[in-house]
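Next comes input29.cif, with mmCIF, C-alpha atoms.
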```cif
data_query
#
loop_
_atom_site.label_atom_id
_atom_site.label_comp_id
_atom_site.auth_asym_id
_atom_site.auth_seq_id
_atom_site.Cartn_x
_atom_site.Cartn_y
_atom_site.Cartn_z
CA MET A 1 2.16 13.70 3.63
CA ILE A 2 3.88 11.22 1.36
CA ALA A 3 2.83 7.71 0.43
CA LYS A 4 5.17 5.36 2.25
CA SER A 5 5.57 1.62 2.21
CA ARG A 6 7.27 -1.16 4.08
CA PHE A 7 8.33 -4.02 1.83
CA PHE A 8 8.68 -7.58 3.10
CA SER A 9 9.89 -10.83 1.48
CA PRO A 10 9.29 -13.70 1.89
CA LEU A 11 5.94 -13.38 3.64
CA ILE A 12 5.39 -16.94 4.80
CA ALA A 13 7.67 -19.86 5.63
CA LEU A 14 6.48 -23.27 4.51
CA ILE A 15 5.55 -24.25 8.07
CA GLY A 16 3.26 -21.22 8.28
CA SER A 17 5.36 -19.02 10.57
CA VAL A 18 5.58 -15.38 9.57
CA LEU A 19 8.85 -14.01 8.24
CA LEU A 20 8.84 -10.27 7.66
CA MET A 21 12.28 -9.53 6.23
CA LEU A 22 13.15 -6.12 4.86
CA SER A 23 13.82 -6.33 1.13
CA ALA A 24 14.38 -3.96 -1.75
CA PHE A 25 13.92 -6.49 -4.51
CA PRO A 26 11.12 -6.02 -7.07
CA ALA A 27 8.38 -8.58 -7.57
CA VAL A 28 9.43 -11.60 -9.59
CA ALA A 29 7.98 -13.30 -12.64
CA GLN A 30 4.61 -15.00 -12.94
CA LEU A 31 4.17 -18.48 -11.47
CA PHE A 32 2.20 -19.63 -14.52
CA GLU A 33 2.52 -19.11 -18.25
CA THR A 34 -0.30 -18.98 -20.80
CA LYS A 35 -0.59 -18.43 -24.53
CA ALA A 36 -3.45 -15.98 -23.91
CA ALA A 37 -2.64 -12.35 -24.64
CA THR A 38 -4.72 -11.22 -21.65
CA ALA A 39 -5.88 -13.27 -18.67
CA PHE A 40 -7.20 -12.82 -15.15
CA MET A 41 -8.21 -15.31 -12.46
CA ILE A 42 -9.59 -14.99 -8.93
CA ASP A 43 -10.63 -17.19 -6.06
CA ALA A 44 -14.40 -16.79 -5.79
CA GLU A 45 -14.65 -17.03 -2.00
CA THR A 46 -11.98 -14.50 -1.09
CA GLY A 47 -11.62 -12.46 -4.29
CA THR A 48 -7.88 -13.17 -4.20
CA VAL A 49 -6.20 -12.49 -7.53
CA LEU A 50 -4.41 -15.69 -8.50
CA PHE A 51 -3.18 -14.66 -11.94
CA ALA A 52 -3.09 -11.52 -14.06
CA LYS A 53 -1.65 -10.83 -17.49
CA GLN A 54 -2.50 -7.56 -19.25
CA ALA A 55 -5.70 -7.71 -17.21
CA ASP A 56 -6.74 -4.10 -17.86
CA LYS A 57 -5.96 -3.96 -21.57
CA PRO A 58 -9.16 -3.12 -23.51
CA ILE A 59 -10.40 -5.92 -25.76
CA GLN A 60 -13.42 -6.51 -27.97
CA PRO A 61 -16.00 -8.29 -25.80
CA ALA A 62 -17.61 -10.30 -28.61
CA SER A 63 -20.14 -12.68 -27.06
CA LEU A 64 -18.76 -12.08 -23.56
CA ALA A 65 -20.95 -8.95 -23.66
CA LYS A 66 -23.93 -11.26 -23.24
CA LEU A 67 -22.96 -11.67 -19.57
CA MET A 68 -23.81 -8.00 -19.08
CA THR A 69 -27.12 -8.43 -20.89
CA LEU A 70 -27.94 -11.32 -18.56
CA GLU A 71 -26.90 -9.31 -15.50
CA MET A 72 -29.48 -6.72 -16.54
CA ALA A 73 -32.15 -9.40 -16.95
CA PHE A 74 -31.28 -11.21 -13.71
CA ASN A 75 -31.35 -7.93 -11.80
CA ALA A 76 -34.72 -6.98 -13.25
CA VAL A 77 -36.24 -10.22 -11.96
CA LYS A 78 -34.49 -10.07 -8.59
CA SER A 79 -35.69 -6.50 -8.01
CA GLY A 80 -39.27 -7.38 -8.97
CA ARG A 81 -39.40 -5.18 -12.09
CA MET A 82 -39.83 -8.28 -14.25
CA THR A 83 -40.94 -11.88 -13.76
CA LEU A 84 -39.71 -15.05 -15.39
CA ASN A 85 -43.10 -15.42 -17.04
CA ASP A 86 -43.13 -11.98 -18.67
CA THR A 87 -43.30 -12.40 -22.44
CA PHE A 88 -41.69 -10.52 -25.31
CA VAL A 89 -42.53 -10.34 -29.00
CA VAL A 90 -39.89 -11.20 -31.61
CA SER A 91 -39.51 -8.14 -33.82
CA GLU A 92 -38.35 -8.27 -37.42
CA ASN A 93 -35.15 -6.51 -36.35
CA ALA A 94 -34.38 -9.17 -33.74
CA TRP A 95 -35.25 -11.94 -36.19
CA ARG A 96 -33.07 -10.59 -39.00
CA LYS A 97 -30.06 -9.49 -36.91
CA GLY A 98 -29.99 -12.39 -34.44
CA GLY A 99 -32.34 -15.07 -35.68
CA ALA A 100 -32.14 -17.72 -38.37
CA PRO A 101 -31.45 -15.25 -41.25
CA SER A 102 -28.40 -13.85 -39.44
CA GLY A 103 -26.23 -16.95 -39.62
CA THR A 104 -25.01 -16.25 -36.07
CA SER A 105 -25.63 -18.05 -32.77
CA THR A 106 -29.39 -18.09 -32.30
CA MET A 107 -32.26 -19.80 -30.53
CA PHE A 108 -34.25 -19.66 -33.80
CA ALA A 109 -37.03 -17.45 -32.45
CA ALA A 110 -39.79 -17.20 -35.04
CA LEU A 111 -40.81 -13.78 -36.35
CA LYS A 112 -43.65 -12.24 -34.29
CA SER A 113 -43.70 -15.17 -31.87
CA VAL A 114 -43.93 -14.60 -28.10
CA ILE A 115 -41.24 -15.87 -25.72
CA ARG A 116 -41.00 -16.02 -21.92
CA LEU A 117 -38.18 -14.14 -20.26
CA GLU A 118 -36.85 -17.29 -18.58
CA ASP A 119 -36.54 -19.03 -21.94
CA LEU A 120 -34.72 -16.04 -23.37
CA MET A 121 -32.26 -16.03 -20.47
CA LYS A 122 -31.56 -19.74 -20.84
CA GLY A 123 -31.18 -19.34 -24.60
CA ILE A 124 -28.52 -16.68 -24.05
CA ALA A 125 -26.70 -18.55 -21.26
CA VAL A 126 -26.59 -21.88 -23.13
CA GLN A 127 -26.68 -20.99 -26.82
CA ALA A 128 -25.30 -17.42 -26.78
CA ALA A 129 -28.48 -16.52 -28.63
CA ASN A 130 -28.17 -13.18 -30.41
CA ASP A 131 -31.89 -13.04 -31.10
CA GLY A 132 -32.55 -13.59 -27.38
CA CYS A 133 -30.31 -10.63 -26.50
CA ILE A 134 -31.99 -8.29 -28.97
CA ILE A 135 -35.48 -9.38 -27.89
CA ILE A 136 -34.62 -8.61 -24.26
CA ALA A 137 -33.03 -5.29 -25.20
CA GLU A 138 -36.05 -4.14 -27.17
CA GLY A 139 -38.46 -5.39 -24.52
CA PHE A 140 -36.59 -3.68 -21.68
CA ALA A 141 -35.63 -0.38 -23.32
CA GLY A 142 -37.50 0.01 -26.61
CA SER A 143 -34.37 -0.36 -28.73
CA GLU A 144 -31.03 -2.11 -28.58
CA GLY A 145 -29.17 1.21 -28.64
CA ASN A 146 -31.07 2.53 -25.65
CA PHE A 147 -30.52 -0.77 -23.82
CA ALA A 148 -26.77 -0.46 -24.46
CA LEU A 149 -26.79 2.94 -22.75
CA GLN A 150 -28.45 1.34 -19.77
CA MET A 151 -25.86 -1.46 -19.84
CA ASN A 152 -23.11 1.14 -19.57
CA GLU A 153 -24.83 2.88 -16.66
CA ARG A 154 -25.24 -0.44 -14.91
CA ALA A 155 -21.62 -1.37 -15.57
CA ARG A 156 -20.45 1.77 -13.79
CA GLU A 157 -22.80 1.09 -10.86
CA ILE A 158 -21.32 -2.35 -10.27
CA GLY A 159 -17.69 -1.31 -10.59
CA MET A 160 -16.81 -1.77 -14.26
CA PRO A 161 -15.26 1.58 -15.30
CA ILE A 162 -13.77 0.46 -18.63
CA SER A 163 -16.40 -1.80 -20.20
CA THR A 164 -18.45 0.01 -22.84
CA PHE A 165 -21.26 -1.64 -24.77
CA VAL A 166 -22.79 -0.54 -28.05
CA ASN A 167 -25.20 -3.46 -28.38
CA ALA A 168 -26.61 -6.31 -26.33
CA THR A 169 -24.97 -9.13 -28.30
CA GLY A 170 -21.30 -8.24 -28.55
CA LEU A 171 -21.48 -8.30 -32.36
CA PRO A 172 -18.75 -6.07 -33.89
CA ALA A 173 -19.32 -2.37 -33.27
CA ASP A 174 -17.04 0.65 -33.00
CA GLY A 175 -16.39 1.75 -29.43
CA GLN A 176 -17.27 -1.55 -27.81
CA LYS A 177 -14.70 -2.76 -25.25
CA THR A 178 -14.11 -4.59 -22.00
CA THR A 179 -11.24 -6.17 -20.04
CA VAL A 180 -10.62 -9.66 -18.73
CA ARG A 181 -10.50 -8.25 -15.18
CA GLU A 182 -13.96 -6.73 -15.49
CA MET A 183 -15.40 -9.83 -17.16
CA THR A 184 -14.07 -11.99 -14.32
CA GLN A 185 -15.52 -9.62 -11.74
CA LEU A 186 -18.84 -9.67 -13.59
CA ALA A 187 -18.88 -13.47 -13.53
CA LEU A 188 -18.15 -13.39 -9.80
CA ARG A 189 -21.06 -11.02 -9.32
CA LEU A 190 -23.39 -13.30 -11.28
CA SER A 191 -22.48 -16.23 -9.03
CA ARG A 192 -22.90 -14.27 -5.80
CA GLU A 193 -25.91 -12.07 -6.51
CA TYR A 194 -28.05 -14.44 -8.59
CA PRO A 195 -27.67 -17.98 -7.21
CA GLN A 196 -31.08 -18.93 -8.58
CA PHE A 197 -30.03 -18.07 -12.14
CA TYR A 198 -26.31 -18.85 -12.10
CA PRO A 199 -26.90 -22.60 -12.76
CA TYR A 200 -28.22 -21.68 -16.23
CA PHE A 201 -24.60 -21.32 -17.37
CA ALA A 202 -23.83 -24.94 -16.51
CA LEU A 203 -26.73 -26.42 -18.47
CA LYS A 204 -25.16 -28.73 -21.03
CA ASP A 205 -28.03 -28.22 -23.44
CA PHE A 206 -31.34 -26.40 -23.75
CA THR A 207 -34.43 -27.36 -25.69
CA TRP A 208 -36.78 -24.65 -26.81
CA ASN A 209 -39.48 -24.78 -29.49
CA LYS A 210 -38.50 -28.43 -30.14
CA ILE A 211 -34.93 -27.42 -30.97
CA THR A 212 -32.12 -28.74 -28.77
CA GLN A 213 -28.72 -27.06 -28.77
CA ARG A 214 -25.64 -27.83 -26.71
CA ASN A 215 -23.82 -25.35 -24.51
CA ARG A 216 -20.96 -23.63 -26.35
CA ASN A 217 -18.61 -23.50 -23.35
CA PRO A 218 -15.87 -26.15 -23.89
CA LEU A 219 -15.10 -26.44 -20.18
CA LEU A 220 -18.36 -28.28 -19.57
CA ALA A 221 -16.99 -31.26 -21.49
CA MET A 222 -14.43 -31.71 -18.72
CA ASP A 223 -17.15 -33.02 -16.41
CA ALA A 224 -15.05 -31.91 -13.46
CA GLY A 225 -16.95 -29.12 -11.76
CA ALA A 226 -17.04 -26.70 -14.70
CA GLU A 227 -19.80 -24.09 -14.45
CA GLY A 228 -19.85 -22.67 -17.97
CA LEU A 229 -20.40 -18.92 -18.53
CA ALA A 230 -19.40 -17.52 -21.96
CA VAL A 231 -17.16 -17.80 -25.00
CA GLY A 232 -16.48 -15.31 -27.76
CA ALA A 233 -14.23 -14.50 -30.68
CA SER A 234 -13.31 -11.34 -32.56
CA GLU A 235 -11.09 -10.63 -35.52
CA GLN A 236 -9.14 -8.09 -33.48
CA ASP A 237 -8.59 -10.01 -30.22
CA GLY A 238 -8.95 -13.66 -31.14
CA PHE A 239 -10.76 -16.30 -29.12
CA ALA A 240 -11.93 -15.48 -25.59
CA ILE A 241 -13.60 -17.22 -22.68
CA VAL A 242 -15.02 -16.61 -19.22
CA GLY A 243 -15.13 -19.80 -17.18
CA ALA A 244 -15.49 -21.11 -13.66
CA LEU A 245 -14.44 -24.37 -12.04
CA THR A 246 -15.38 -25.77 -8.63
CA GLN A 247 -13.59 -28.63 -6.89
CA GLY A 248 -13.15 -29.55 -3.24
CA GLY A 249 -15.22 -26.63 -2.02
CA ARG A 250 -13.21 -24.02 -3.91
CA ARG A 251 -14.31 -22.06 -6.97
CA VAL A 252 -12.00 -20.19 -9.33
CA ILE A 253 -13.17 -17.85 -12.08
CA ALA A 254 -11.07 -16.73 -15.02
CA ALA A 255 -11.28 -14.78 -18.25
CA MET A 256 -8.81 -14.83 -21.11
CA SER A 257 -8.55 -13.58 -24.67
CA GLY A 258 -6.11 -13.46 -27.57
CA LEU A 259 -6.09 -17.19 -28.25
CA ALA A 260 -5.55 -18.57 -31.74
CA ASN A 261 -8.51 -20.94 -32.07
CA ASP A 262 -11.19 -22.75 -30.12
CA ARG A 263 -8.92 -25.68 -29.32
CA GLU A 264 -6.27 -23.43 -27.82
CA ARG A 265 -8.98 -21.58 -25.91
CA SER A 266 -10.22 -24.82 -24.42
CA GLU A 267 -6.76 -26.09 -23.48
CA GLU A 268 -5.44 -22.85 -22.02
CA SER A 269 -8.55 -22.08 -19.96
CA ARG A 270 -8.62 -25.61 -18.56
CA LYS A 271 -4.94 -25.47 -17.60
CA LEU A 272 -5.26 -22.08 -15.92
CA LEU A 273 -8.36 -22.98 -13.91
CA GLU A 274 -6.97 -26.34 -12.79
CA TRP A 275 -3.69 -24.71 -11.78
CA GLY A 276 -5.64 -22.15 -9.73
CA LEU A 277 -7.43 -24.91 -7.85
CA ARG A 278 -4.48 -27.16 -7.10
CA SER A 279 -1.69 -24.66 -6.50
CA PHE A 280 -3.02 -22.51 -3.64
CA GLU A 281 -4.06 -23.04 -0.04
CA LYS A 282 -5.55 -20.81 2.64
CA THR A 283 -3.03 -19.89 5.32
CA GLU A 284 -3.44 -17.83 8.49
CA VAL A 285 -0.47 -15.47 8.43
CA PHE A 286 -1.47 -13.22 11.34
CA ALA A 287 -3.66 -14.09 14.32
CA LYS A 288 -6.28 -11.70 15.65
CA ASP A 289 -4.65 -8.60 17.21
CA GLU A 290 -1.19 -9.72 16.09
CA ILE A 291 1.08 -6.84 15.06
CA VAL A 292 1.68 -6.81 11.31
CA GLY A 293 4.05 -3.86 11.07
CA GLU A 294 4.69 -0.27 12.08
CA ALA A 295 4.03 3.21 10.65
CA ASP A 296 6.09 6.34 11.26
CA VAL A 297 4.51 9.07 13.40
CA PHE A 298 5.28 12.80 13.18
CA GLY A 299 5.20 14.88 16.37
CA GLY A 300 4.18 12.03 18.63
CA ALA A 301 5.26 10.73 21.99
CA LYS A 302 6.62 7.77 20.03
CA SER A 303 8.25 7.74 16.62
CA GLY A 304 6.09 4.91 15.38
CA VAL A 305 2.77 3.15 15.89
CA ALA A 306 2.14 -0.59 15.76
CA LEU A 307 -0.35 -1.79 13.16
CA LYS A 308 -2.82 -4.66 13.11
CA ALA A 309 -5.65 -5.96 10.96
CA ASP A 310 -9.33 -6.14 11.85
CA GLY A 311 -9.27 -9.76 12.98
CA PRO A 312 -7.00 -12.55 11.73
CA ILE A 313 -5.48 -12.33 8.26
CA ASP A 314 -6.05 -15.41 6.13
CA LEU A 315 -4.34 -15.36 2.76
CA LEU A 316 -4.61 -17.71 -0.21
CA LEU A 317 -0.99 -18.50 -0.96
CA PRO A 318 0.83 -20.74 -3.45
CA ILE A 319 1.68 -24.17 -2.08
CA ALA A 320 5.07 -24.01 -3.77
CA ASN A 321 7.25 -20.99 -4.54
CA ARG A 322 6.54 -19.29 -1.20
CA ASP A 323 9.72 -17.32 -1.78
CA LYS A 324 7.86 -15.50 -4.57
CA VAL A 325 5.31 -14.06 -2.15
CA THR A 326 6.03 -10.49 -1.11
CA ALA A 327 4.13 -7.99 1.03
CA ARG A 328 4.18 -4.26 1.57
CA ILE A 329 2.35 -2.04 4.06
CA VAL A 330 1.37 1.14 2.21
CA TYR A 331 0.21 4.31 3.98
CA ASN A 332 0.38 8.10 3.75
CA GLY A 333 2.98 9.18 6.24
CA PRO A 334 4.46 10.02 8.53
CA LEU A 335 1.18 10.00 10.44
CA PRO A 336 0.53 13.25 12.35
CA ALA A 337 0.02 12.81 16.11
CA PRO A 338 -2.24 12.12 17.82
CA VAL A 339 -2.99 8.66 16.41
CA GLU A 340 -5.98 6.88 17.92
CA ALA A 341 -6.13 3.12 18.46
CA GLY A 342 -8.30 1.60 15.73
CA GLN A 343 -7.65 4.47 13.31
CA PRO A 344 -7.41 3.29 9.67
CA VAL A 345 -3.81 3.73 8.52
CA GLY A 346 -3.25 1.96 5.21
CA THR A 347 -3.25 -1.43 3.51
CA LEU A 348 -1.23 -4.62 3.55
CA ARG A 349 -0.64 -5.48 -0.11
CA VAL A 350 0.45 -8.97 -1.09
CA TRP A 351 2.07 -9.92 -4.40
CA ILE A 352 2.39 -13.40 -5.85
CA GLY A 353 5.13 -13.07 -8.40
CA ASP A 354 4.40 -9.78 -10.14
CA THR A 355 0.64 -9.99 -9.55
CA LEU A 356 -0.96 -7.81 -6.87
CA SER A 357 -2.98 -10.58 -5.30
CA GLN A 358 -4.64 -9.28 -2.13
CA GLU A 359 -5.17 -6.12 -0.12
CA LYS A 360 -6.11 -5.97 3.56
CA PRO A 361 -6.76 -2.77 5.56
CA VAL A 362 -4.56 -2.17 8.60
CA PHE A 363 -5.28 -0.06 11.69
CA ALA A 364 -3.38 1.53 14.56
CA ALA A 365 -3.01 -1.02 17.32
CA GLU A 366 -2.37 1.64 19.98
CA THR A 367 -2.83 5.32 20.75
CA VAL A 368 0.12 7.65 20.28
CA GLU A 369 -0.35 11.03 21.96
CA VAL A 370 1.15 14.33 20.85
CA GLY A 371 4.81 14.51 21.89
CA SER A 372 6.65 17.17 23.86
CA LEU A 373 7.70 20.41 22.20
CA PRO A 374 11.34 19.30 21.86
CA ARG A 375 10.17 16.01 20.32
CA ARG A 376 7.97 17.78 17.79
CA ALA A 377 10.78 20.19 16.94
CA ALA A 378 13.18 17.30 16.35
CA ASP A 379 10.63 15.58 14.07
CA ALA A 380 10.19 18.80 12.11
CA VAL A 381 13.93 19.14 11.56
CA LYS A 382 14.16 15.49 10.53
CA GLU A 383 11.28 15.87 8.08
CA LEU A 384 12.89 18.94 6.50
CA ALA A 385 16.16 17.08 6.15
CA VAL A 386 15.02 13.71 4.79
CA GLY A 387 11.33 14.00 3.90
CA TRP A 388 12.09 14.91 0.29
CA LEU A 389 13.93 11.60 -0.15
CA ARG A 390 10.75 9.52 0.21
#
```

Turn the structure described in the file into structure tokens.
Amino acid sequence: MIAKSRFFSPLIALIGSVLLMLSAFPAVAQLFETKAATAFMIDAETGTVLFAKQADKPIQPASLAKLMTLEMAFNAVKSGRMTLNDTFVVSENAWRKGGAPSGTSTMFAALKSVIRLEDLMKGIAVQAANDGCIIIAEGFAGSEGNFALQMNERAREIGMPISTFVNATGLPADGQKTTVREMTQLALRLSREYPQFYPYFALKDFTWNKITQRNRNPLLAMDAGAEGLAVGASEQDGFAIVGALTQGGRRVIAAMSGLANDRERSEESRKLLEWGLRSFEKTEVFAKDEIVGEADVFGGAKSGVALKADGPIDLLLPIANRDKVTARIVYNGPLPAPVEAGQPVGTLRVWIGDTLSQEKPVFAAETVEVGSLPRRAADAVKELAVGWLR
């Protein structure tokens, strides 16, 4: 069995009719350019990938790591293991490494004071408070190092295979890494799984212990549906951001790194997010039960089987440059007979430029019974003759 594919371009005509034209051309260039070294953006409703640039290249997380610390805290409250009113004591370690003496982003927690978990979470979401992260880590796991191990376990559970955390703050540490793809997916998870806590990221300021500090996310100054999240910077990978923007009922989430300064970070993230909102529209490309393609069958009464999706296929496609949309049905084939109607066969993969944007499972639309002996013999001879060419 060999992985096979059917390649089609263009996928959609401007009027919405489906054009599936055989093509051997490779995917074309990106539809958008950015100064960021790595970037990734998705549509929050559908998970459609709208843009990707070096999305899986490991980078230093810096303060973006705090999103994982908050995921741990949010999950603890949602599962009932903690409450918002649980309190934690500020240790000398947390005070020195993340508090006022540290010279880093802090909520200025006083040594040996007691702080509610909700205040700590808001301090991290709004002020990127390092002391808040360390206080949570020590309160949850006894030490920051042990909490980092739990962060890594949790990251694997929720589908982040690359991200590795050494501490709860993102402060420089050997072995610490993430990717813009995984940070974007984490932000999407925060919005979906924790709707009661997600608004913390959009708070423009937070007052605690009579100290008011403004949110560090520059997108909030746009006043155009920005939802905050996190910013960071490292000597190795430059300035980074995870941001979300909602307009007209659509939300896009993006992460980027490798920017030269905070001004460039602000400008590039705004441009990418706004482009994601204005440049795509949802389009029904196949109706329910409509045939989307065909797969080869070995030893069957027919040489091929029609394929369909489970319901209609709606894709988020660029409003312009429809000629840069390509699609390929990928499956392991030829499929051995018999093939049952409804049997999973493969996936319809859609590219926008050179970005793999969406994947939809496809299924056999009909049953193909085992063919006659002469038919099976002919298929065997054919496979011996040309199978190695696939």

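Applied to the shown file, the PyMOL selection byres ((chain A and resi 198-209) around 7) selects the residues Lys122, Ala125, Val126, Leu190, Ser191, Tyr194, Pro195, Gln196, Phe197, Lys210, Ile211, Thr212, Gln213, Arg214, Asn215, Leu220, Glu227, Gly228 and Leu229 of chain A.
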
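Counting from CA of Leu84 in chain A, the distance to CA of Arg116 in chain A is 6.7 Å.
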
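The coordinates place CA of Gly132 in chain A at 9.4 Å from CA of Trp95 in chain A.
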
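Residues in contact with Gly293 in chain A at 8 Å, where only C-alpha atoms are counted and same-chain residues fewer than 5 positions away are skipped, are listed as Ala306, Leu307, Lys308 and Ile329 of chain A.
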
Please expand the PyMOL selection byres ((chain A and resi 142-156) around 10) into the concrete residues it hits in this file, giving the result as a ChimeraX atom specification.
/A:65,68-69,71-72,93-94,133-141,157-169,182,186

The selected residues should be written to file as a PDB file, keeping the file's coordinate frame (atoms: C-alpha atoms).
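What landed in part29.pdb:
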```pdb
ATOM      1  CA  ALA A  65     -20.950  -8.950 -23.660  1.00  0.00           C
ATOM      2  CA  MET A  68     -23.810  -8.000 -19.080  1.00  0.00           C
ATOM      3  CA  THR A  69     -27.120  -8.430 -20.890  1.00  0.00           C
ATOM      4  CA  GLU A  71     -26.900  -9.310 -15.500  1.00  0.00           C
ATOM      5  CA  MET A  72     -29.480  -6.720 -16.540  1.00  0.00           C
ATOM      6  CA  ASN A  93     -35.150  -6.510 -36.350  1.00  0.00           C
ATOM      7  CA  ALA A  94     -34.380  -9.170 -33.740  1.00  0.00           C
ATOM      8  CA  CYS A 133     -30.310 -10.630 -26.500  1.00  0.00           C
ATOM      9  CA  ILE A 134     -31.990  -8.290 -28.970  1.00  0.00           C
ATOM     10  CA  ILE A 135     -35.480  -9.380 -27.890  1.00  0.00           C
ATOM     11  CA  ILE A 136     -34.620  -8.610 -24.260  1.00  0.00           C
ATOM     12  CA  ALA A 137     -33.030  -5.290 -25.200  1.00  0.00           C
ATOM     13  CA  GLU A 138     -36.050  -4.140 -27.170  1.00  0.00           C
ATOM     14  CA  GLY A 139     -38.460  -5.390 -24.520  1.00  0.00           C
ATOM     15  CA  PHE A 140     -36.590  -3.680 -21.680  1.00  0.00           C
ATOM     16  CA  ALA A 141     -35.630  -0.380 -23.320  1.00  0.00           C
ATOM     17  CA  GLU A 157     -22.800   1.090 -10.860  1.00  0.00           C
ATOM     18  CA  ILE A 158     -21.320  -2.350 -10.270  1.00  0.00           C
ATOM     19  CA  GLY A 159     -17.690  -1.310 -10.590  1.00  0.00           C
ATOM     20  CA  MET A 160     -16.810  -1.770 -14.260  1.00  0.00           C
ATOM     21  CA  PRO A 161     -15.260   1.580 -15.300  1.00  0.00           C
ATOM     22  CA  ILE A 162     -13.770   0.460 -18.630  1.00  0.00           C
ATOM     23  CA  SER A 163     -16.400  -1.800 -20.200  1.00  0.00           C
ATOM     24  CA  THR A 164     -18.450   0.010 -22.840  1.00  0.00           C
ATOM     25  CA  PHE A 165     -21.260  -1.640 -24.770  1.00  0.00           C
ATOM     26  CA  VAL A 166     -22.790  -0.540 -28.050  1.00  0.00           C
ATOM     27  CA  ASN A 167     -25.200  -3.460 -28.380  1.00  0.00           C
ATOM     28  CA  ALA A 168     -26.610  -6.310 -26.330  1.00  0.00           C
ATOM     29  CA  THR A 169     -24.970  -9.130 -28.300  1.00  0.00           C
ATOM     30  CA  GLU A 182     -13.960  -6.730 -15.490  1.00  0.00           C
ATOM     31  CA  LEU A 186     -18.840  -9.670 -13.590  1.00  0.00           C
TER      32      LEU A 186
END
```

Spatial neighbours of Leu316 in chain A, max dist 7 Å, all atoms listed in the file, sep filter under 6 positions, as a PyMOL selection string
chain A and resi 48+280-283

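Applied to this file, the PyMOL selection byres ((chain A and resi 264-267) around 10) selects the residues Thr34, Lys35, Ala36, Asn217, Pro218, Leu219, Ala221, Met222, Val231, Gly232, Gly238, Phe239, Ala240, Ile241, Met256, Ser257, Gly258, Leu259, Ala260, Asn261, Asp262, Arg263, Glu268, Ser269, Arg270, Lys271 and Leu272 of chain A.
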
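Between CA of Gly276 in chain A and CA of Pro61 in chain A the separation is 23.6 Å.
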
Of A:Pro312, A:Gly346, A:Gly353, A:Pro334, the one nearest to Asp289 in chain A when counting only C-alpha atoms is A:Pro312

Which polymer residues have any atom within 8 Å of an atom of Glu369 in chain A, counting all atoms listed in the file, with same-chain residues fewer than 2 positions away left out, as a ChimeraX atom specification?
/A:300-302,337-339,367,371

If we draw a sphere of 6 Å around (-13.6, -9.3, -22.9), which residues have at least one atom in it when counting only C-alpha atoms? Please report them as an MDAnalysis selection string.
chainID A and resid 59:61 64 178:180

For Ser113 in chain A, find every residue with an atom within 7 Å (counting all atoms listed in the file), except residues of its own chain fewer than 3 positions away, and show them as an MDAnalysis selection string.
chainID A and resid 89:90 110

Skipping near chain neighbours, those fewer than 5 positions away, what residues fall within 7 Å of Ala309 in chain A using only C-alpha atoms, listed as a PyMOL selection string?
chain A and resi 289+361-363
